[in-house]
Amino acid sequence: MPQPVTTVVPFASLPSCAGQCGPLYDANGACVPPAAPQADAATYDNCFCAYNALQPFKQGASGVCDNACTADTAGLSSIQGWFTSFCNNKAAAATTTSTSATSSSTKAPGSTNQNGSGDWYASEMLSTHWQWVIMIVIIVVGIIGIWVGACIWRRKYLKKKDRMYELGKGLPSNVAINTQGNLVGPGARDSNYSNNQGMFMSGSGGAGYTEKPKKERKKWTVTSRT
């Protein structure tokens, strides 16, 4: 009969009666090649811990190697302690590996979409940050509105300023025209300027602008012929 190529049980570190325990040899031989397919060490260990003849060790020291360790009760307890510790560690490692694999498989579709078209990432960002998107849109629209309003106001201001400049030509430096078309300044009270407001200014005309007198019509007198 071919010998197992791998030994799961550390017989050298266990009590001597472990070498006489048939179920330990049977489990080791059934879970490794050539009896079992070629696999990794974790597969061999899991098979060994699940072997039916060794399951009583999970409840206590009796039921497995009783015939081999009849004179060594402490050795039997030591073998049972090794088995439970060994299998518990393997079970914890398998649980951790399974959890990591599940987490990776769960994230894989999302990762693929992010590296591909990016639709999933875009929709996720929009669903969680839609308030920020709306605020940014409002700010941009407000800035554009303020800029357009400022341009319109500046155009009107320059047009009004040019008109006032044209109306104020010929006035001395100490006289100016305000936005209502009135003369202001230290020299505004001088009658030569205060009453001379021109044709395009409100107010009564003065010496600078005098209306022409109306011509009187001559009456035509009809006389009778003699």
# chains A, B, ... in the order shown; residues from 1 in each chain; ligands from 1
call {"tool": "residues_around", "arguments": {"residues": "segment 16-24 of chain A", "least_positions_apart": "2", "cutoff": "9 Å", "atoms": "only C-alpha atoms", "output": "list in words"}}
result
Val9, Phe11, Ala12, Ser13, Leu14, Asp26, Ala27, Asn28, Gly29, Phe48, Ala53, Leu54, Val64, Cys65, Asp66, Asn67, Ala68, Cys69, Thr70, Asp72, Gly75, Leu76 and Ile79 of chain A
call {"tool": "write_last_selection", "arguments": {"atoms": "all heavy atoms", "output": "short mmCIF file (atom, residue, chain, number, x, y, z; two decimals), in the first residue's frame"}}
result
data_model
loop_
_atom_site.label_atom_id
_atom_site.label_comp_id
_atom_site.auth_asym_id
_atom_site.auth_seq_id
_atom_site.Cartn_x
_atom_site.Cartn_y
_atom_site.Cartn_z
N VAL A 9 -0.51 14.86 11.06
CA VAL A 9 -0.35 14.70 12.51
C VAL A 9 1.13 14.78 12.88
O VAL A 9 1.95 14.01 12.33
CB VAL A 9 -0.94 13.36 12.97
CG1 VAL A 9 -0.85 13.23 14.49
CG2 VAL A 9 -2.38 13.22 12.52
N PHE A 11 3.36 13.44 14.87
CA PHE A 11 3.53 12.35 15.83
C PHE A 11 4.75 12.55 16.73
O PHE A 11 4.76 12.13 17.89
CB PHE A 11 3.65 11.00 15.10
CG PHE A 11 2.36 10.56 14.45
CD1 PHE A 11 2.17 10.68 13.08
CD2 PHE A 11 1.35 10.02 15.22
CE1 PHE A 11 0.99 10.27 12.49
CE2 PHE A 11 0.15 9.59 14.63
CZ PHE A 11 -0.02 9.73 13.27
N ALA A 12 5.79 13.19 16.23
CA ALA A 12 7.01 13.35 17.01
C ALA A 12 6.81 14.25 18.22
O ALA A 12 7.50 14.09 19.25
CB ALA A 12 8.12 13.91 16.13
N SER A 13 5.88 15.21 18.14
CA SER A 13 5.66 16.13 19.25
C SER A 13 4.50 15.72 20.15
O SER A 13 4.25 16.37 21.17
CB SER A 13 5.40 17.54 18.70
OG SER A 13 4.25 17.55 17.87
N LEU A 14 3.80 14.63 19.82
CA LEU A 14 2.69 14.15 20.63
C LEU A 14 3.17 13.01 21.55
O LEU A 14 4.26 12.45 21.36
CB LEU A 14 1.56 13.65 19.72
CG LEU A 14 0.85 14.71 18.86
CD1 LEU A 14 -0.18 14.07 17.95
CD2 LEU A 14 0.19 15.77 19.74
N ASP A 26 -5.51 6.57 10.13
CA ASP A 26 -6.54 6.42 9.08
C ASP A 26 -6.94 7.79 8.51
O ASP A 26 -7.10 7.96 7.29
CB ASP A 26 -7.75 5.72 9.66
CG ASP A 26 -7.46 4.27 10.04
OD1 ASP A 26 -6.45 3.73 9.55
OD2 ASP A 26 -8.23 3.71 10.85
N ALA A 27 -7.15 8.77 9.40
CA ALA A 27 -7.54 10.11 8.94
C ALA A 27 -6.44 10.75 8.12
O ALA A 27 -6.71 11.40 7.08
CB ALA A 27 -7.90 10.98 10.14
N ASN A 28 -5.21 10.62 8.55
CA ASN A 28 -4.08 11.20 7.81
C ASN A 28 -3.96 10.57 6.43
O ASN A 28 -3.79 11.26 5.43
CB ASN A 28 -2.80 11.01 8.60
CG ASN A 28 -1.63 11.79 8.00
OD1 ASN A 28 -1.32 12.89 8.41
ND2 ASN A 28 -0.96 11.21 6.99
N GLY A 29 -4.07 9.25 6.35
CA GLY A 29 -3.93 8.57 5.07
C GLY A 29 -5.07 8.85 4.12
O GLY A 29 -4.89 8.89 2.90
N PHE A 48 -8.84 16.40 7.32
CA PHE A 48 -8.44 15.68 8.54
C PHE A 48 -9.35 16.05 9.71
O PHE A 48 -9.81 15.18 10.46
CB PHE A 48 -6.98 16.03 8.87
CG PHE A 48 -6.49 15.43 10.14
CD1 PHE A 48 -6.04 14.11 10.18
CD2 PHE A 48 -6.46 16.16 11.32
CE1 PHE A 48 -5.58 13.55 11.38
CE2 PHE A 48 -6.00 15.62 12.51
CZ PHE A 48 -5.56 14.30 12.53
N ALA A 53 -14.12 9.56 12.20
CA ALA A 53 -13.64 8.82 13.37
C ALA A 53 -13.00 9.71 14.42
O ALA A 53 -12.85 9.30 15.58
CB ALA A 53 -12.64 7.74 12.91
N LEU A 54 -12.64 10.95 14.06
CA LEU A 54 -11.99 11.86 15.01
C LEU A 54 -12.97 12.84 15.66
O LEU A 54 -12.55 13.62 16.53
CB LEU A 54 -10.89 12.66 14.30
CG LEU A 54 -9.77 11.83 13.63
CD1 LEU A 54 -8.75 12.78 12.99
CD2 LEU A 54 -9.09 10.92 14.64
N VAL A 64 -11.67 7.93 20.81
CA VAL A 64 -10.83 7.86 19.62
C VAL A 64 -9.60 6.98 19.85
O VAL A 64 -9.41 5.96 19.18
CB VAL A 64 -10.39 9.27 19.17
CG1 VAL A 64 -9.50 9.18 17.92
CG2 VAL A 64 -11.60 10.14 18.89
N CYS A 65 -8.77 7.40 20.78
CA CYS A 65 -7.51 6.68 21.03
C CYS A 65 -7.53 5.96 22.38
O CYS A 65 -6.48 5.81 23.04
CB CYS A 65 -6.32 7.64 20.95
SG CYS A 65 -6.09 8.43 19.34
N ASP A 66 -8.70 5.53 22.81
CA ASP A 66 -8.80 4.89 24.13
C ASP A 66 -7.96 3.62 24.21
O ASP A 66 -7.27 3.36 25.22
CB ASP A 66 -10.26 4.57 24.45
CG ASP A 66 -11.11 5.84 24.53
OD1 ASP A 66 -10.53 6.95 24.50
OD2 ASP A 66 -12.35 5.73 24.61
N ASN A 67 -7.98 2.80 23.17
CA ASN A 67 -7.25 1.53 23.20
C ASN A 67 -5.75 1.74 23.14
O ASN A 67 -4.98 0.90 23.64
CB ASN A 67 -7.69 0.64 22.04
CG ASN A 67 -9.16 0.25 22.14
OD1 ASN A 67 -9.69 0.14 23.26
ND2 ASN A 67 -9.81 0.03 21.00
N ALA A 68 -5.29 2.83 22.51
CA ALA A 68 -3.85 3.07 22.38
C ALA A 68 -3.26 3.69 23.62
O ALA A 68 -2.07 3.50 23.92
CB ALA A 68 -3.58 3.96 21.17
N CYS A 69 -4.03 4.49 24.37
CA CYS A 69 -3.51 5.22 25.52
C CYS A 69 -4.20 4.77 26.81
O CYS A 69 -4.56 5.60 27.66
CB CYS A 69 -3.68 6.73 25.32
SG CYS A 69 -2.85 7.41 23.87
N THR A 70 -4.39 3.47 26.98
CA THR A 70 -5.06 2.97 28.19
C THR A 70 -4.26 3.25 29.44
O THR A 70 -4.82 3.52 30.52
CB THR A 70 -5.31 1.47 28.07
OG1 THR A 70 -4.06 0.80 27.77
CG2 THR A 70 -6.32 1.16 26.95
N ASP A 72 -1.98 5.73 29.70
CA ASP A 72 -1.50 7.12 29.70
C ASP A 72 -2.69 8.06 29.53
O ASP A 72 -2.97 8.54 28.43
CB ASP A 72 -0.47 7.33 28.58
CG ASP A 72 0.23 8.68 28.67
OD1 ASP A 72 -0.07 9.45 29.61
OD2 ASP A 72 1.08 8.98 27.79
N GLY A 75 -1.62 11.51 28.42
CA GLY A 75 -1.26 11.53 27.01
C GLY A 75 -2.49 11.60 26.12
O GLY A 75 -2.50 12.30 25.09
N LEU A 76 -3.54 10.87 26.50
CA LEU A 76 -4.79 10.93 25.74
C LEU A 76 -5.38 12.33 25.76
O LEU A 76 -5.85 12.83 24.72
CB LEU A 76 -5.78 9.92 26.33
CG LEU A 76 -7.10 9.74 25.58
CD1 LEU A 76 -6.86 9.22 24.17
CD2 LEU A 76 -8.02 8.79 26.35
N ILE A 79 -3.37 14.55 23.39
CA ILE A 79 -3.71 14.35 21.98
C ILE A 79 -5.02 15.05 21.64
O ILE A 79 -5.15 15.70 20.59
CB ILE A 79 -3.81 12.84 21.67
CG1 ILE A 79 -2.45 12.17 21.85
CG2 ILE A 79 -4.32 12.62 20.24
CD1 ILE A 79 -2.50 10.65 21.76
#
call {"tool": "atom_distance", "arguments": {"atom1": "atom CA of Phe57 of chain A", "atom2": "atom CA of Thr84 of chain A"}}
result
7.0 Å
call {"tool": "residues_around", "arguments": {"residues": "Cys47 of chain A", "least_positions_apart": "6", "cutoff": "10 Å", "atoms": "only C-alpha atoms", "output": "list in words"}}
result
Ala27, Asn28, Ala30, Cys31, Val32, Ala36 and Ala41 of chain A
call {"tool": "atom_distance", "arguments": {"atom1": "atom CA of Ala74 of chain A", "atom2": "atom CA of Tyr44 of chain A"}}
result
27.6 Å
call {"tool": "residues_around", "arguments": {"residues": "Lys90 of chain A", "least_positions_apart": "4", "cutoff": "8 Å", "atoms": "only C-alpha atoms", "output": "compact mmCIF listing (two decimals) with N, CA and C atoms, in the first residue's frame"}}
result
# COMPACT_ATOMS: atom_id res chain seq x y z
N ALA A 42 -4.14 23.44 3.18
CA ALA A 42 -5.39 23.78 3.86
C ALA A 42 -6.47 22.75 3.57
N ASP A 45 -5.76 19.67 5.71
CA ASP A 45 -6.08 19.91 7.12
C ASP A 45 -7.58 19.90 7.38
N ASN A 46 -8.35 20.51 6.48
CA ASN A 46 -9.81 20.54 6.66
C ASN A 46 -10.41 19.14 6.56
N PHE A 86 -5.72 22.53 16.96
CA PHE A 86 -5.34 22.52 15.55
C PHE A 86 -6.54 22.80 14.65
N ALA A 94 -10.04 29.54 7.82
CA ALA A 94 -10.93 29.34 6.67
C ALA A 94 -12.04 30.37 6.66
call {"tool": "atom_distance", "arguments": {"atom1": "atom CA of Phe83 of chain A", "atom2": "atom CA of Lys58 of chain A"}}
result
8.1 Å
call {"tool": "decode", "arguments": {"residues": "segment 25-41 of chain A", "atoms": "all heavy atoms", "output": "PDB file, in the first residue's frame"}}
result
ATOM      1  N   TYR A  25      -3.958   7.639  12.172  1.00  0.00           N
ATOM      2  CA  TYR A  25      -3.316   7.202  10.928  1.00  0.00           C
ATOM      3  C   TYR A  25      -4.337   7.102   9.798  1.00  0.00           C
ATOM      4  O   TYR A  25      -4.053   7.475   8.648  1.00  0.00           O
ATOM      5  CB  TYR A  25      -2.633   5.846  11.145  1.00  0.00           C
ATOM      6  CG  TYR A  25      -1.264   5.954  11.785  1.00  0.00           C
ATOM      7  CD1 TYR A  25      -1.098   5.689  13.128  1.00  0.00           C
ATOM      8  CD2 TYR A  25      -0.150   6.292  11.010  1.00  0.00           C
ATOM      9  CE1 TYR A  25       0.158   5.777  13.728  1.00  0.00           C
ATOM     10  CE2 TYR A  25       1.108   6.385  11.604  1.00  0.00           C
ATOM     11  CZ  TYR A  25       1.259   6.132  12.954  1.00  0.00           C
ATOM     12  OH  TYR A  25       2.509   6.223  13.537  1.00  0.00           O
ATOM     13  N   ASP A  26      -5.510   6.570  10.125  1.00  0.00           N
ATOM     14  CA  ASP A  26      -6.537   6.422   9.079  1.00  0.00           C
ATOM     15  C   ASP A  26      -6.944   7.792   8.509  1.00  0.00           C
ATOM     16  O   ASP A  26      -7.097   7.957   7.293  1.00  0.00           O
ATOM     17  CB  ASP A  26      -7.754   5.716   9.657  1.00  0.00           C
ATOM     18  CG  ASP A  26      -7.458   4.273  10.043  1.00  0.00           C
ATOM     19  OD1 ASP A  26      -6.455   3.732   9.549  1.00  0.00           O
ATOM     20  OD2 ASP A  26      -8.227   3.711  10.853  1.00  0.00           O
ATOM     21  N   ALA A  27      -7.148   8.774   9.397  1.00  0.00           N
ATOM     22  CA  ALA A  27      -7.544  10.111   8.938  1.00  0.00           C
ATOM     23  C   ALA A  27      -6.445  10.755   8.116  1.00  0.00           C
ATOM     24  O   ALA A  27      -6.709  11.397   7.080  1.00  0.00           O
ATOM     25  CB  ALA A  27      -7.895  10.985  10.138  1.00  0.00           C
ATOM     26  N   ASN A  28      -5.212  10.617   8.554  1.00  0.00           N
ATOM     27  CA  ASN A  28      -4.082  11.199   7.814  1.00  0.00           C
ATOM     28  C   ASN A  28      -3.964  10.574   6.432  1.00  0.00           C
ATOM     29  O   ASN A  28      -3.792  11.262   5.426  1.00  0.00           O
ATOM     30  CB  ASN A  28      -2.796  11.014   8.603  1.00  0.00           C
ATOM     31  CG  ASN A  28      -1.628  11.787   8.000  1.00  0.00           C
ATOM     32  OD1 ASN A  28      -1.321  12.890   8.413  1.00  0.00           O
ATOM     33  ND2 ASN A  28      -0.963  11.208   6.994  1.00  0.00           N
ATOM     34  N   GLY A  29      -4.070   9.250   6.349  1.00  0.00           N
ATOM     35  CA  GLY A  29      -3.928   8.570   5.071  1.00  0.00           C
ATOM     36  C   GLY A  29      -5.075   8.849   4.119  1.00  0.00           C
ATOM     37  O   GLY A  29      -4.887   8.885   2.898  1.00  0.00           O
ATOM     38  N   ALA A  30      -6.282   9.065   4.642  1.00  0.00           N
ATOM     39  CA  ALA A  30      -7.438   9.280   3.771  1.00  0.00           C
ATOM     40  C   ALA A  30      -7.505  10.695   3.200  1.00  0.00           C
ATOM     41  O   ALA A  30      -8.190  10.917   2.192  1.00  0.00           O
ATOM     42  CB  ALA A  30      -8.720   8.984   4.550  1.00  0.00           C
ATOM     43  N   CYS A  31      -6.811  11.646   3.816  1.00  0.00           N
ATOM     44  CA  CYS A  31      -6.949  13.051   3.412  1.00  0.00           C
ATOM     45  C   CYS A  31      -5.783  13.579   2.599  1.00  0.00           C
ATOM     46  O   CYS A  31      -5.800  14.767   2.211  1.00  0.00           O
ATOM     47  CB  CYS A  31      -7.142  13.918   4.653  1.00  0.00           C
ATOM     48  SG  CYS A  31      -8.734  13.642   5.482  1.00  0.00           S
ATOM     49  N   VAL A  32      -4.752  12.769   2.358  1.00  0.00           N
ATOM     50  CA  VAL A  32      -3.592  13.238   1.581  1.00  0.00           C
ATOM     51  C   VAL A  32      -3.341  12.249   0.453  1.00  0.00           C
ATOM     52  O   VAL A  32      -3.826  11.111   0.482  1.00  0.00           O
ATOM     53  CB  VAL A  32      -2.346  13.353   2.489  1.00  0.00           C
ATOM     54  CG1 VAL A  32      -2.577  14.380   3.599  1.00  0.00           C
ATOM     55  CG2 VAL A  32      -1.953  12.008   3.069  1.00  0.00           C
ATOM     56  N   PRO A  33      -2.614  12.709  -0.593  1.00  0.00           N
ATOM     57  CA  PRO A  33      -2.287  11.777  -1.683  1.00  0.00           C
ATOM     58  C   PRO A  33      -1.462  10.595  -1.152  1.00  0.00           C
ATOM     59  O   PRO A  33      -0.742  10.742  -0.168  1.00  0.00           O
ATOM     60  CB  PRO A  33      -1.477  12.649  -2.654  1.00  0.00           C
ATOM     61  CG  PRO A  33      -1.889  14.052  -2.334  1.00  0.00           C
ATOM     62  CD  PRO A  33      -2.151  14.064  -0.865  1.00  0.00           C
ATOM     63  N   PRO A  34      -1.584   9.452  -1.746  1.00  0.00           N
ATOM     64  CA  PRO A  34      -2.318   9.167  -3.001  1.00  0.00           C
ATOM     65  C   PRO A  34      -3.805   8.875  -2.824  1.00  0.00           C
ATOM     66  O   PRO A  34      -4.524   8.748  -3.806  1.00  0.00           O
ATOM     67  CB  PRO A  34      -1.603   7.939  -3.534  1.00  0.00           C
ATOM     68  CG  PRO A  34      -1.150   7.226  -2.308  1.00  0.00           C
ATOM     69  CD  PRO A  34      -0.797   8.285  -1.305  1.00  0.00           C
ATOM     70  N   ALA A  35      -4.294   8.751  -1.578  1.00  0.00           N
ATOM     71  CA  ALA A  35      -5.714   8.443  -1.380  1.00  0.00           C
ATOM     72  C   ALA A  35      -6.600   9.629  -1.774  1.00  0.00           C
ATOM     73  O   ALA A  35      -7.721   9.434  -2.239  1.00  0.00           O
ATOM     74  CB  ALA A  35      -5.963   8.076   0.081  1.00  0.00           C
ATOM     75  N   ALA A  36      -6.134  10.821  -1.576  1.00  0.00           N
ATOM     76  CA  ALA A  36      -6.886  12.038  -1.915  1.00  0.00           C
ATOM     77  C   ALA A  36      -6.225  12.742  -3.090  1.00  0.00           C
ATOM     78  O   ALA A  36      -5.019  12.565  -3.340  1.00  0.00           O
ATOM     79  CB  ALA A  36      -6.946  12.972  -0.711  1.00  0.00           C
ATOM     80  N   PRO A  37      -6.958  13.550  -3.833  1.00  0.00           N
ATOM     81  CA  PRO A  37      -6.365  14.296  -4.957  1.00  0.00           C
ATOM     82  C   PRO A  37      -5.320  15.296  -4.473  1.00  0.00           C
ATOM     83  O   PRO A  37      -5.347  15.745  -3.329  1.00  0.00           O
ATOM     84  CB  PRO A  37      -7.572  15.008  -5.582  1.00  0.00           C
ATOM     85  CG  PRO A  37      -8.763  14.257  -5.096  1.00  0.00           C
ATOM     86  CD  PRO A  37      -8.413  13.735  -3.739  1.00  0.00           C
ATOM     87  N   GLN A  38      -4.407  15.628  -5.376  1.00  0.00           N
ATOM     88  CA  GLN A  38      -3.389  16.616  -5.072  1.00  0.00           C
ATOM     89  C   GLN A  38      -4.043  17.976  -4.830  1.00  0.00           C
ATOM     90  O   GLN A  38      -4.845  18.453  -5.634  1.00  0.00           O
ATOM     91  CB  GLN A  38      -2.388  16.716  -6.214  1.00  0.00           C
ATOM     92  CG  GLN A  38      -1.159  17.543  -5.899  1.00  0.00           C
ATOM     93  CD  GLN A  38      -0.204  16.818  -4.966  1.00  0.00           C
ATOM     94  OE1 GLN A  38      -0.161  15.582  -4.944  1.00  0.00           O
ATOM     95  NE2 GLN A  38       0.562  17.557  -4.189  1.00  0.00           N
ATOM     96  N   ALA A  39      -3.710  18.613  -3.692  1.00  0.00           N
ATOM     97  CA  ALA A  39      -4.288  19.907  -3.337  1.00  0.00           C
ATOM     98  C   ALA A  39      -3.328  20.648  -2.418  1.00  0.00           C
ATOM     99  O   ALA A  39      -2.185  20.205  -2.203  1.00  0.00           O
ATOM    100  CB  ALA A  39      -5.654  19.730  -2.685  1.00  0.00           C
ATOM    101  N   ASP A  40      -3.790  21.751  -1.852  1.00  0.00           N
ATOM    102  CA  ASP A  40      -2.933  22.505  -0.943  1.00  0.00           C
ATOM    103  C   ASP A  40      -3.078  21.977   0.481  1.00  0.00           C
ATOM    104  O   ASP A  40      -3.930  21.139   0.786  1.00  0.00           O
ATOM    105  CB  ASP A  40      -3.277  23.995  -0.999  1.00  0.00           C
ATOM    106  CG  ASP A  40      -4.746  24.265  -0.686  1.00  0.00           C
ATOM    107  OD1 ASP A  40      -5.485  23.307  -0.389  1.00  0.00           O
ATOM    108  OD2 ASP A  40      -5.159  25.440  -0.750  1.00  0.00           O
ATOM    109  N   ALA A  41      -2.220  22.509   1.376  1.00  0.00           N
ATOM    110  CA  ALA A  41      -2.190  22.027   2.751  1.00  0.00           C
ATOM    111  C   ALA A  41      -3.497  22.314   3.488  1.00  0.00           C
ATOM    112  O   ALA A  41      -3.934  21.526   4.340  1.00  0.00           O
ATOM    113  CB  ALA A  41      -1.024  22.666   3.491  1.00  0.00           C
TER     114      ALA A  41
END
